[in-house]
$ cat query_19.pdb   # PDB, C-alpha atoms and all ligand atoms
ATOM      1  CA  MET X   1       4.119  27.941   3.411  1.00  0.00           C
ATOM      2  CA  ASN X   2       7.000  27.057   1.072  1.00  0.00           C
ATOM      3  CA  GLU X   3       8.389  24.880   3.821  1.00  0.00           C
ATOM      4  CA  VAL X   4       5.126  22.919   4.071  1.00  0.00           C
ATOM      5  CA  ILE X   5       5.045  22.397   0.306  1.00  0.00           C
ATOM      6  CA  GLY X   6       8.644  21.158   0.505  1.00  0.00           C
ATOM      7  CA  ILE X   7       7.742  18.636   3.214  1.00  0.00           C
ATOM      8  CA  ILE X   8       4.721  17.408   1.215  1.00  0.00           C
ATOM      9  CA  GLY X   9       6.993  16.992  -1.817  1.00  0.00           C
ATOM     10  CA  SER X  10       9.515  15.007   0.238  1.00  0.00           C
ATOM     11  CA  ALA X  11       6.707  12.865   1.653  1.00  0.00           C
ATOM     12  CA  LEU X  12       5.274  12.012  -1.773  1.00  0.00           C
ATOM     13  CA  TRP X  13       8.746  11.355  -3.194  1.00  0.00           C
ATOM     14  CA  PHE X  14       9.709   9.005  -0.369  1.00  0.00           C
ATOM     15  CA  ILE X  15       6.484   6.995  -0.212  1.00  0.00           C
ATOM     16  CA  LEU X  16       5.831   6.797  -3.985  1.00  0.00           C
ATOM     17  CA  PRO X  17       6.982   3.143  -4.406  1.00  0.00           C
ATOM     18  CA  ALA X  18       4.518   2.102  -1.675  1.00  0.00           C
ATOM     19  CA  TYR X  19       1.650   3.968  -3.403  1.00  0.00           C
ATOM     20  CA  VAL X  20       2.490   2.339  -6.742  1.00  0.00           C
ATOM     21  CA  ALA X  21       2.784  -1.122  -5.121  1.00  0.00           C
ATOM     22  CA  ASN X  22      -0.608  -0.628  -3.484  1.00  0.00           C
ATOM     23  CA  ALA X  23      -2.398   0.634  -6.606  1.00  0.00           C
ATOM     24  CA  THR X  24      -0.941  -1.721  -9.246  1.00  0.00           C
ATOM     25  CA  PRO X  25      -2.829  -4.880  -8.097  1.00  0.00           C
ATOM     26  CA  VAL X  26      -6.144  -3.097  -8.630  1.00  0.00           C
ATOM     27  CA  VAL X  27      -5.295  -2.914 -12.353  1.00  0.00           C
ATOM     28  CA  LEU X  28      -3.070  -5.983 -12.869  1.00  0.00           C
ATOM     29  CA  GLY X  29      -4.272  -8.294 -10.079  1.00  0.00           C
ATOM     30  CA  GLY X  30      -6.620 -11.255 -10.275  1.00  0.00           C
ATOM     31  CA  GLY X  31      -6.347 -15.002 -10.623  1.00  0.00           C
ATOM     32  CA  ALA X  32      -5.227 -17.408  -7.912  1.00  0.00           C
ATOM     33  CA  PRO X  33      -5.509 -16.102  -4.351  1.00  0.00           C
ATOM     34  CA  ILE X  34      -2.383 -16.099  -2.138  1.00  0.00           C
ATOM     35  CA  ASP X  35      -4.159 -18.173   0.533  1.00  0.00           C
ATOM     36  CA  GLY X  36      -5.143 -20.788  -2.052  1.00  0.00           C
ATOM     37  CA  GLY X  37      -8.766 -20.313  -1.028  1.00  0.00           C
ATOM     38  CA  LYS X  38      -8.032 -21.880   2.364  1.00  0.00           C
ATOM     39  CA  LEU X  39      -9.899 -21.049   5.543  1.00  0.00           C
ATOM     40  CA  PHE X  40      -8.380 -20.059   8.883  1.00  0.00           C
ATOM     41  CA  THR X  41      -9.157 -21.898  12.141  1.00  0.00           C
ATOM     42  CA  ASP X  42     -12.194 -19.636  12.611  1.00  0.00           C
ATOM     43  CA  GLY X  43     -13.702 -20.955   9.378  1.00  0.00           C
ATOM     44  CA  ARG X  44     -13.246 -17.681   7.506  1.00  0.00           C
ATOM     45  CA  PRO X  45     -10.771 -17.045   4.635  1.00  0.00           C
ATOM     46  CA  ILE X  46      -7.142 -16.448   5.661  1.00  0.00           C
ATOM     47  CA  PHE X  47      -6.791 -13.346   3.428  1.00  0.00           C
ATOM     48  CA  GLY X  48      -9.683 -13.719   1.000  1.00  0.00           C
ATOM     49  CA  ALA X  49     -10.037 -13.727  -2.782  1.00  0.00           C
ATOM     50  CA  GLY X  50      -9.002 -10.052  -3.091  1.00  0.00           C
ATOM     51  CA  LYS X  51      -5.339 -10.860  -2.377  1.00  0.00           C
ATOM     52  CA  THR X  52      -3.903 -12.588  -5.425  1.00  0.00           C
ATOM     53  CA  ILE X  53      -0.427 -13.854  -6.324  1.00  0.00           C
ATOM     54  CA  ARG X  54      -0.456 -11.880  -9.578  1.00  0.00           C
ATOM     55  CA  GLY X  55      -1.440  -8.695  -7.753  1.00  0.00           C
ATOM     56  CA  PHE X  56       1.319  -9.180  -5.181  1.00  0.00           C
ATOM     57  CA  VAL X  57       4.026  -9.838  -7.779  1.00  0.00           C
ATOM     58  CA  ALA X  58       2.835  -7.001 -10.042  1.00  0.00           C
ATOM     59  CA  GLY X  59       2.844  -4.563  -7.112  1.00  0.00           C
ATOM     60  CA  LEU X  60       6.310  -5.675  -6.021  1.00  0.00           C
ATOM     61  CA  VAL X  61       7.736  -5.307  -9.535  1.00  0.00           C
ATOM     62  CA  ALA X  62       6.041  -1.940 -10.193  1.00  0.00           C
ATOM     63  CA  GLY X  63       7.090  -0.444  -6.839  1.00  0.00           C
ATOM     64  CA  SER X  64      10.655  -1.685  -7.328  1.00  0.00           C
ATOM     65  CA  ILE X  65      10.814  -0.148 -10.810  1.00  0.00           C
ATOM     66  CA  VAL X  66       9.789   3.207  -9.312  1.00  0.00           C
ATOM     67  CA  GLY X  67      12.628   2.879  -6.796  1.00  0.00           C
ATOM     68  CA  VAL X  68      15.137   2.203  -9.598  1.00  0.00           C
ATOM     69  CA  LEU X  69      13.867   5.218 -11.568  1.00  0.00           C
ATOM     70  CA  GLN X  70      14.159   7.411  -8.458  1.00  0.00           C
ATOM     71  CA  GLY X  71      17.708   6.138  -7.975  1.00  0.00           C
ATOM     72  CA  VAL X  72      18.593   7.081 -11.537  1.00  0.00           C
ATOM     73  CA  VAL X  73      17.106  10.561 -11.062  1.00  0.00           C
ATOM     74  CA  VAL X  74      19.053  11.326  -7.868  1.00  0.00           C
ATOM     75  CA  GLY X  75      22.165   9.324  -8.814  1.00  0.00           C
ATOM     76  CA  GLN X  76      21.872   6.899  -5.869  1.00  0.00           C
ATOM     77  CA  LEU X  77      20.786   3.755  -7.623  1.00  0.00           C
ATOM     78  CA  CYS X  78      21.649   1.215  -4.909  1.00  0.00           C
ATOM     79  CA  THR X  79      19.961   3.025  -2.039  1.00  0.00           C
ATOM     80  CA  TYR X  80      16.771   3.875  -3.915  1.00  0.00           C
ATOM     81  CA  ALA X  81      16.486   0.473  -5.601  1.00  0.00           C
ATOM     82  CA  MET X  82      16.690  -1.143  -2.151  1.00  0.00           C
ATOM     83  CA  LEU X  83      14.270   1.417  -0.742  1.00  0.00           C
ATOM     84  CA  GLY X  84      11.779   0.836  -3.570  1.00  0.00           C
ATOM     85  CA  LEU X  85      11.871  -2.915  -3.046  1.00  0.00           C
ATOM     86  CA  LEU X  86      11.417  -2.622   0.739  1.00  0.00           C
ATOM     87  CA  LEU X  87       8.656   0.006   0.514  1.00  0.00           C
ATOM     88  CA  ALA X  88       6.788  -2.116  -2.039  1.00  0.00           C
ATOM     89  CA  LEU X  89       7.236  -5.335  -0.047  1.00  0.00           C
ATOM     90  CA  GLY X  90       6.164  -3.618   3.173  1.00  0.00           C
ATOM     91  CA  ALA X  91       3.114  -2.076   1.509  1.00  0.00           C
ATOM     92  CA  LEU X  92       1.994  -5.429   0.104  1.00  0.00           C
ATOM     93  CA  ILE X  93       2.610  -7.354   3.337  1.00  0.00           C
ATOM     94  CA  GLY X  94       0.865  -4.598   5.316  1.00  0.00           C
ATOM     95  CA  ASP X  95      -2.075  -4.869   2.930  1.00  0.00           C
ATOM     96  CA  LEU X  96      -2.145  -8.653   3.406  1.00  0.00           C
ATOM     97  CA  LEU X  97      -2.032  -8.266   7.180  1.00  0.00           C
ATOM     98  CA  GLY X  98      -4.900  -5.764   6.932  1.00  0.00           C
ATOM     99  CA  SER X  99      -6.982  -8.329   5.052  1.00  0.00           C
ATOM    100  CA  PHE X 100      -6.051 -10.999   7.604  1.00  0.00           C
ATOM    101  CA  ILE X 101      -7.289  -8.732  10.419  1.00  0.00           C
ATOM    102  CA  LYS X 102     -10.453  -7.840   8.464  1.00  0.00           C
ATOM    103  CA  ARG X 103     -11.314 -11.514   7.948  1.00  0.00           C
ATOM    104  CA  ARG X 104     -10.804 -12.200  11.685  1.00  0.00           C
ATOM    105  CA  LEU X 105     -13.220  -9.347  12.409  1.00  0.00           C
ATOM    106  CA  ASP X 106     -15.677 -10.954   9.953  1.00  0.00           C
ATOM    107  CA  ILE X 107     -15.456  -8.061   7.480  1.00  0.00           C
ATOM    108  CA  GLN X 108     -16.100  -9.521   4.023  1.00  0.00           C
ATOM    109  CA  ARG X 109     -13.667  -9.115   1.141  1.00  0.00           C
ATOM    110  CA  GLY X 110     -14.051  -5.545  -0.148  1.00  0.00           C
ATOM    111  CA  GLY X 111     -15.757  -4.393   3.052  1.00  0.00           C
ATOM    112  CA  ALA X 112     -14.444  -1.154   4.558  1.00  0.00           C
ATOM    113  CA  ALA X 113     -12.123  -1.021   7.575  1.00  0.00           C
ATOM    114  CA  PRO X 114     -11.473   2.701   8.120  1.00  0.00           C
ATOM    115  CA  VAL X 115      -7.866   3.619   9.048  1.00  0.00           C
ATOM    116  CA  LEU X 116      -6.635   0.036   8.497  1.00  0.00           C
ATOM    117  CA  ASP X 117      -7.487   0.239   4.767  1.00  0.00           C
ATOM    118  CA  GLN X 118      -5.893   3.670   4.334  1.00  0.00           C
ATOM    119  CA  LEU X 119      -2.864   3.557   6.626  1.00  0.00           C
ATOM    120  CA  GLY X 120      -1.881  -0.078   7.248  1.00  0.00           C
ATOM    121  CA  PHE X 121       0.089  -0.436   4.026  1.00  0.00           C
ATOM    122  CA  VAL X 122       1.982   2.818   4.468  1.00  0.00           C
ATOM    123  CA  VAL X 123       2.960   2.107   8.091  1.00  0.00           C
ATOM    124  CA  PHE X 124       4.338  -1.292   7.090  1.00  0.00           C
ATOM    125  CA  ALA X 125       6.137   0.199   4.096  1.00  0.00           C
ATOM    126  CA  MET X 126       7.993   2.598   6.424  1.00  0.00           C
ATOM    127  CA  ILE X 127       8.809  -0.153   8.938  1.00  0.00           C
ATOM    128  CA  PHE X 128      10.300  -2.250   6.119  1.00  0.00           C
ATOM    129  CA  ALA X 129      12.226   0.739   4.717  1.00  0.00           C
ATOM    130  CA  SER X 130      13.604   1.816   8.085  1.00  0.00           C
ATOM    131  CA  PRO X 131      16.842  -0.269   7.954  1.00  0.00           C
ATOM    132  CA  VAL X 132      17.828   1.651   4.786  1.00  0.00           C
ATOM    133  CA  MET X 133      16.324   5.103   5.296  1.00  0.00           C
ATOM    134  CA  LEU X 134      13.579   6.914   7.150  1.00  0.00           C
ATOM    135  CA  PRO X 135      12.705  10.557   6.524  1.00  0.00           C
ATOM    136  CA  GLY X 136      12.448  13.077   9.363  1.00  0.00           C
ATOM    137  CA  TRP X 137       9.474  13.019  11.703  1.00  0.00           C
ATOM    138  CA  GLU X 138       7.785  15.972   9.932  1.00  0.00           C
ATOM    139  CA  VAL X 139       7.850  14.039   6.665  1.00  0.00           C
ATOM    140  CA  ILE X 140       6.554  10.870   8.371  1.00  0.00           C
ATOM    141  CA  LEU X 141       3.742  12.884   9.947  1.00  0.00           C
ATOM    142  CA  ILE X 142       2.797  14.374   6.575  1.00  0.00           C
ATOM    143  CA  ILE X 143       2.829  10.878   4.987  1.00  0.00           C
ATOM    144  CA  LEU X 144       0.367   9.703   7.662  1.00  0.00           C
ATOM    145  CA  LEU X 145      -1.838  12.775   7.115  1.00  0.00           C
ATOM    146  CA  ILE X 146      -1.964  12.855   3.307  1.00  0.00           C
ATOM    147  CA  THR X 147      -2.204   9.107   2.634  1.00  0.00           C
ATOM    148  CA  PRO X 148      -5.850   8.569   3.736  1.00  0.00           C
ATOM    149  CA  PRO X 149      -7.313  11.303   1.494  1.00  0.00           C
ATOM    150  CA  ILE X 150      -5.050  10.277  -1.422  1.00  0.00           C
ATOM    151  CA  HIS X 151      -6.037   6.617  -0.945  1.00  0.00           C
ATOM    152  CA  ILE X 152      -9.738   7.484  -0.874  1.00  0.00           C
ATOM    153  CA  ALA X 153      -9.400   9.743  -3.943  1.00  0.00           C
ATOM    154  CA  THR X 154      -7.452   7.190  -6.030  1.00  0.00           C
ATOM    155  CA  ASN X 155      -9.893   4.427  -5.058  1.00  0.00           C
ATOM    156  CA  PHE X 156     -12.746   6.618  -6.224  1.00  0.00           C
ATOM    157  CA  VAL X 157     -10.985   7.231  -9.551  1.00  0.00           C
ATOM    158  CA  GLY X 158     -10.364   3.452  -9.845  1.00  0.00           C
ATOM    159  CA  TYR X 159     -14.066   2.860  -9.221  1.00  0.00           C
ATOM    160  CA  ARG X 160     -15.132   5.395 -11.846  1.00  0.00           C
ATOM    161  CA  LEU X 161     -12.712   3.887 -14.359  1.00  0.00           C
ATOM    162  CA  GLY X 162     -14.237   0.448 -13.709  1.00  0.00           C
ATOM    163  CA  PHE X 163     -11.201  -1.146 -12.008  1.00  0.00           C
ATOM    164  CA  LYS X 164     -12.921  -1.392  -8.627  1.00  0.00           C
ATOM    165  CA  SER X 165     -16.447  -2.498  -7.765  1.00  0.00           C
ATOM    166  CA  ARG X 166     -16.631  -0.191  -4.747  1.00  0.00           C
ATOM    167  CA  PRO X 167     -15.660   3.476  -4.453  1.00  0.00           C
ATOM    168  CA  TYR X 168     -13.500   2.950  -1.310  1.00  0.00           C
TER     169      TYR X 168
HETATM  170  N1  LIG X 201      -5.562  -7.108  -5.508  1.00  0.00           N
HETATM  171  C1  LIG X 201      -4.922  -8.274  -5.930  1.00  0.00           C
HETATM  172  N2  LIG X 201      -3.867  -8.777  -5.222  1.00  0.00           N
HETATM  173  C2  LIG X 201      -3.415  -8.155  -4.106  1.00  0.00           C
HETATM  174  C3  LIG X 201      -4.038  -6.958  -3.665  1.00  0.00           C
HETATM  175  C4  LIG X 201      -5.119  -6.476  -4.390  1.00  0.00           C
HETATM  176  O1  LIG X 201      -5.307  -8.854  -6.940  1.00  0.00           O
HETATM  177  N3  LIG X 201      -2.350  -8.678  -3.453  1.00  0.00           N
HETATM  178  C5  LIG X 201      -6.685  -6.580  -6.317  1.00  0.00           C
HETATM  179  C6  LIG X 201      -7.981  -7.355  -6.074  1.00  0.00           C
HETATM  180  O2  LIG X 201      -8.699  -7.396  -7.282  1.00  0.00           O
HETATM  181  C7  LIG X 201      -8.686  -6.461  -5.060  1.00  0.00           C
HETATM  182  C8  LIG X 201      -8.303  -5.070  -5.527  1.00  0.00           C
HETATM  183  O3  LIG X 201      -6.948  -5.222  -5.979  1.00  0.00           O
HETATM  184  O4  LIG X 201     -10.083  -6.650  -5.057  1.00  0.00           O
HETATM  185  C9  LIG X 201      -8.415  -3.997  -4.466  1.00  0.00           C
HETATM  186  O5  LIG X 201      -7.536  -4.265  -3.401  1.00  0.00           O
HETATM  187  P1  LIG X 201      -8.020  -4.132  -1.904  1.00  0.00           P
HETATM  188  O6  LIG X 201      -8.952  -2.986  -1.730  1.00  0.00           O
HETATM  189  O7  LIG X 201      -6.798  -4.182  -1.066  1.00  0.00           O
HETATM  190  O8  LIG X 201      -8.798  -5.530  -1.702  1.00  0.00           O
HETATM  191  P2  LIG X 201     -10.314  -5.832  -1.330  1.00  0.00           P
HETATM  192  O9  LIG X 201     -10.951  -6.520  -2.504  1.00  0.00           O
HETATM  193  O10 LIG X 201     -10.970  -4.637  -0.779  1.00  0.00           O
HETATM  194  O11 LIG X 201     -10.183  -6.953  -0.205  1.00  0.00           O
HETATM  195  P3  LIG X 201      -9.955  -6.772   1.375  1.00  0.00           P
HETATM  196  O12 LIG X 201     -11.304  -6.649   2.001  1.00  0.00           O
HETATM  197  O13 LIG X 201      -9.262  -8.032   1.743  1.00  0.00           O
HETATM  198  O14 LIG X 201      -9.092  -5.572   1.594  1.00  0.00           O
HETATM  199 MG    MG X 202     -10.639  -2.696  -0.382  1.00  0.00          MG
END

$ encode --input "query_19.pdb" --output "structure tokens" --more "lines below"
Ligand code: CTP
Ligand code: MG
Amino acid sequence: MNEVIGIIGSALWFILPAYVANATPVVLGGGAPIDGGKLFTDGRPIFGAGKTIRGFVAGLVAGSIVGVLQGVVVGQLCTYAMLGLLLALGALIGDLLGSFIKRRLDIQRGGAAPVLDQLGFVVFAMIFASPVMLPGWEVILIILLITPPIHIATNFVGYRLGFKSRPY
């Protein structure tokens, strides 16, 4: 039991910059879309109006700050600063790719794409982080298991607080 709690703690600690990078745009995003409002060859938006430059930059900065703070806490500033930046960048690019796939499948901006919405960003965050550090397979497994319910719960809180128009 204590071992499981330890693994969950390690999982949350490792993936925290990705969570922060993913959540920050909901609060600080808005304005000009990354795709400039352009359409893809299929006549649908490239990413859609939900992916904004301000949201991307805010998420990248916030996730990176978390990495720096983690580095200060454990006394490994360089490694964790790099890790924070890569986890945040991966999360945001994974999120963009998710929106790109959703638009190709004709799912409107804000429409639900189960699994892709909840796990895409975290998988990409880990791929981006892998050159610097990857946790053990147990921790990776726990990250994949706990992220969907955490994502759904935080989205619901964001909806109740008025940051999101939909509860998912
Ligand atoms: N957001 C942003 N910039 C980003 C990512 C998100 O401004 N790069 C903001 C947008 O206001 C967006 C909200 O965060 O509506 C929630 O993000 P998300 O659920 O990822 O976007 P959706 O609106 O659901 O769009 P999509 O269907 O493309 O996922
Ligand atoms: Mg959404």

$ axis_aligned_box --input "query_19.pdb" --around "range 128-145 of chain X" --padding-each-side "8 Å" --output "lines of an AutoDock Vina configuration file"
center_x = 8.0
center_y = 6.9
center_z = 8.2
size_x = 35.7
size_y = 34.2
size_z = 23.0

$ residues_near_point --input "query_19.pdb" --point "(6.1, 15.6, 7.5)" --cutoff "10 Å" --atoms "only C-alpha atoms" --output "list of chain:residue names"
X:Val4, X:Ile5, X:Gly6, X:Ile7, X:Ile8, X:Gly9, X:Ser10, X:Ala11, X:Leu12, X:Pro135, X:Gly136, X:Trp137, X:Glu138, X:Val139, X:Ile140, X:Leu141, X:Ile142, X:Ile143, X:Leu144, X:Leu145, X:Ile146

$ residues_near_ligand --input "query_19.pdb" --ligand "ligand LIG 201 (chain X)" --cutoff "9 Å" --atoms "all atoms listed in the file" --output "PyMOL selection string"
chain X and resi 22-34+47-59+92-93+95-96+98-103+107-113+117+155+163-166+168

$ atom_distance --input "query_19.pdb" --atom1 "CA of Pro17 in chain X" --atom2 "CA of His151 in chain X"
13.9 Å

$ closest_residue --input "query_19.pdb" --among "X:Thr41, X:Thr79, X:Thr154, X:Ser130" --to "ligand MG 202 (chain X)" --atoms "all atoms listed in the file"
X:Thr154

$ resolve_selection --input "query_19.pdb" --expression "the PyMOL selection byres (((chain X and resi 15) around 12) and not hetatm)" --output "PyMOL selection string"
chain X and resi 8-14+16-22+63-64+66-67+70+80+83-88+90-91+121-129+133-135+139-140+142-144+146-147

$ atom_distance --input "query_19.pdb" --atom1 "CA of Cys78 in chain X" --atom2 "CA of Val61 in chain X"
16.0 Å

$ closest_residue --input "query_19.pdb" --among "X:Gly120, X:Gly43, X:Pro131, X:Gly71" --to "ligand MG 202 (chain X)" --atoms "only C-alpha atoms and all ligand atoms"
X:Gly120

$ closest_residue --input "query_19.pdb" --among "X:Val132, X:Leu116, X:Leu60, X:Ile150" --to "ligand MG 202 (chain X)" --atoms "all atoms listed in the file"
X:Leu116

$ atom_distance --input "query_19.pdb" --atom1 "CA of Arg160 in chain X" --atom2 "atom MG of ligand MG 202 (chain X)"
14.7 Å

$ closest_residue --input "query_19.pdb" --among "X:Val72, X:Leu89, X:Leu77, X:Ile152" --to "ligand MG 202 (chain X)" --atoms "only C-alpha atoms and all ligand atoms"
X:Ile152

$ closest_residue --input "query_19.pdb" --among "X:Gly75, X:Pro45, X:Pro149, X:Pro114" --to "ligand MG 202 (chain X)" --atoms "all atoms listed in the file"
X:Pro114

$ decode --input "query_19.pdb" --residues "range 41-88 of chain X" --atoms "C-alpha atoms" --output "PDB file, in the first residue's frame"
ATOM      1  CA  THR X  41      -6.962  21.078 -47.367  1.00  0.00           C
ATOM      2  CA  ASP X  42     -10.173  19.368 -46.214  1.00  0.00           C
ATOM      3  CA  GLY X  43     -11.810  22.759 -45.679  1.00  0.00           C
ATOM      4  CA  ARG X  44     -11.881  22.437 -41.895  1.00  0.00           C
ATOM      5  CA  PRO X  45      -9.754  24.461 -39.414  1.00  0.00           C
ATOM      6  CA  ILE X  46      -6.135  23.319 -38.997  1.00  0.00           C
ATOM      7  CA  PHE X  47      -6.323  23.391 -35.165  1.00  0.00           C
ATOM      8  CA  GLY X  48      -9.361  25.565 -34.506  1.00  0.00           C
ATOM      9  CA  ALA X  49     -10.047  28.673 -32.433  1.00  0.00           C
ATOM     10  CA  GLY X  50      -9.449  26.844 -29.121  1.00  0.00           C
ATOM     11  CA  LYS X  51      -5.671  26.760 -29.669  1.00  0.00           C
ATOM     12  CA  THR X  52      -4.332  30.266 -29.159  1.00  0.00           C
ATOM     13  CA  ILE X  53      -0.834  31.765 -29.199  1.00  0.00           C
ATOM     14  CA  ARG X  54      -1.366  33.313 -25.762  1.00  0.00           C
ATOM     15  CA  GLY X  55      -2.523  29.988 -24.334  1.00  0.00           C
ATOM     16  CA  PHE X  56       0.490  28.182 -25.791  1.00  0.00           C
ATOM     17  CA  VAL X  57       3.010  30.723 -24.485  1.00  0.00           C
ATOM     18  CA  ALA X  58       1.322  30.952 -21.067  1.00  0.00           C
ATOM     19  CA  GLY X  59       1.327  27.155 -20.730  1.00  0.00           C
ATOM     20  CA  LEU X  60       4.976  26.932 -21.765  1.00  0.00           C
ATOM     21  CA  VAL X  61       6.036  29.625 -19.287  1.00  0.00           C
ATOM     22  CA  ALA X  62       3.934  28.228 -16.412  1.00  0.00           C
ATOM     23  CA  GLY X  63       5.109  24.632 -16.935  1.00  0.00           C
ATOM     24  CA  SER X  64       8.730  25.782 -17.171  1.00  0.00           C
ATOM     25  CA  ILE X  65       8.410  27.769 -13.937  1.00  0.00           C
ATOM     26  CA  VAL X  66       7.165  24.614 -12.191  1.00  0.00           C
ATOM     27  CA  GLY X  67      10.235  22.766 -13.477  1.00  0.00           C
ATOM     28  CA  VAL X  68      12.544  25.482 -12.100  1.00  0.00           C
ATOM     29  CA  LEU X  69      10.784  25.368  -8.713  1.00  0.00           C
ATOM     30  CA  GLN X  70      11.111  21.566  -8.636  1.00  0.00           C
ATOM     31  CA  GLY X  71      14.806  21.935  -9.449  1.00  0.00           C
ATOM     32  CA  VAL X  72      15.264  24.335  -6.551  1.00  0.00           C
ATOM     33  CA  VAL X  73      13.456  21.945  -4.192  1.00  0.00           C
ATOM     34  CA  VAL X  74      15.585  18.906  -5.095  1.00  0.00           C
ATOM     35  CA  GLY X  75      18.799  20.860  -5.758  1.00  0.00           C
ATOM     36  CA  GLN X  76      19.034  19.819  -9.432  1.00  0.00           C
ATOM     37  CA  LEU X  77      18.144  23.039 -11.158  1.00  0.00           C
ATOM     38  CA  CYS X  78      19.515  22.266 -14.634  1.00  0.00           C
ATOM     39  CA  THR X  79      17.903  18.858 -15.011  1.00  0.00           C
ATOM     40  CA  TYR X  80      14.485  19.878 -13.709  1.00  0.00           C
ATOM     41  CA  ALA X  81      14.422  23.199 -15.571  1.00  0.00           C
ATOM     42  CA  MET X  82      15.107  21.288 -18.801  1.00  0.00           C
ATOM     43  CA  LEU X  83      12.558  18.644 -17.848  1.00  0.00           C
ATOM     44  CA  GLY X  84       9.903  21.270 -17.077  1.00  0.00           C
ATOM     45  CA  LEU X  85      10.448  22.978 -20.415  1.00  0.00           C
ATOM     46  CA  LEU X  86      10.303  19.696 -22.370  1.00  0.00           C
ATOM     47  CA  LEU X  87       7.264  18.352 -20.488  1.00  0.00           C
ATOM     48  CA  ALA X  88       5.418  21.637 -21.041  1.00  0.00           C
TER      49      ALA X  88
END
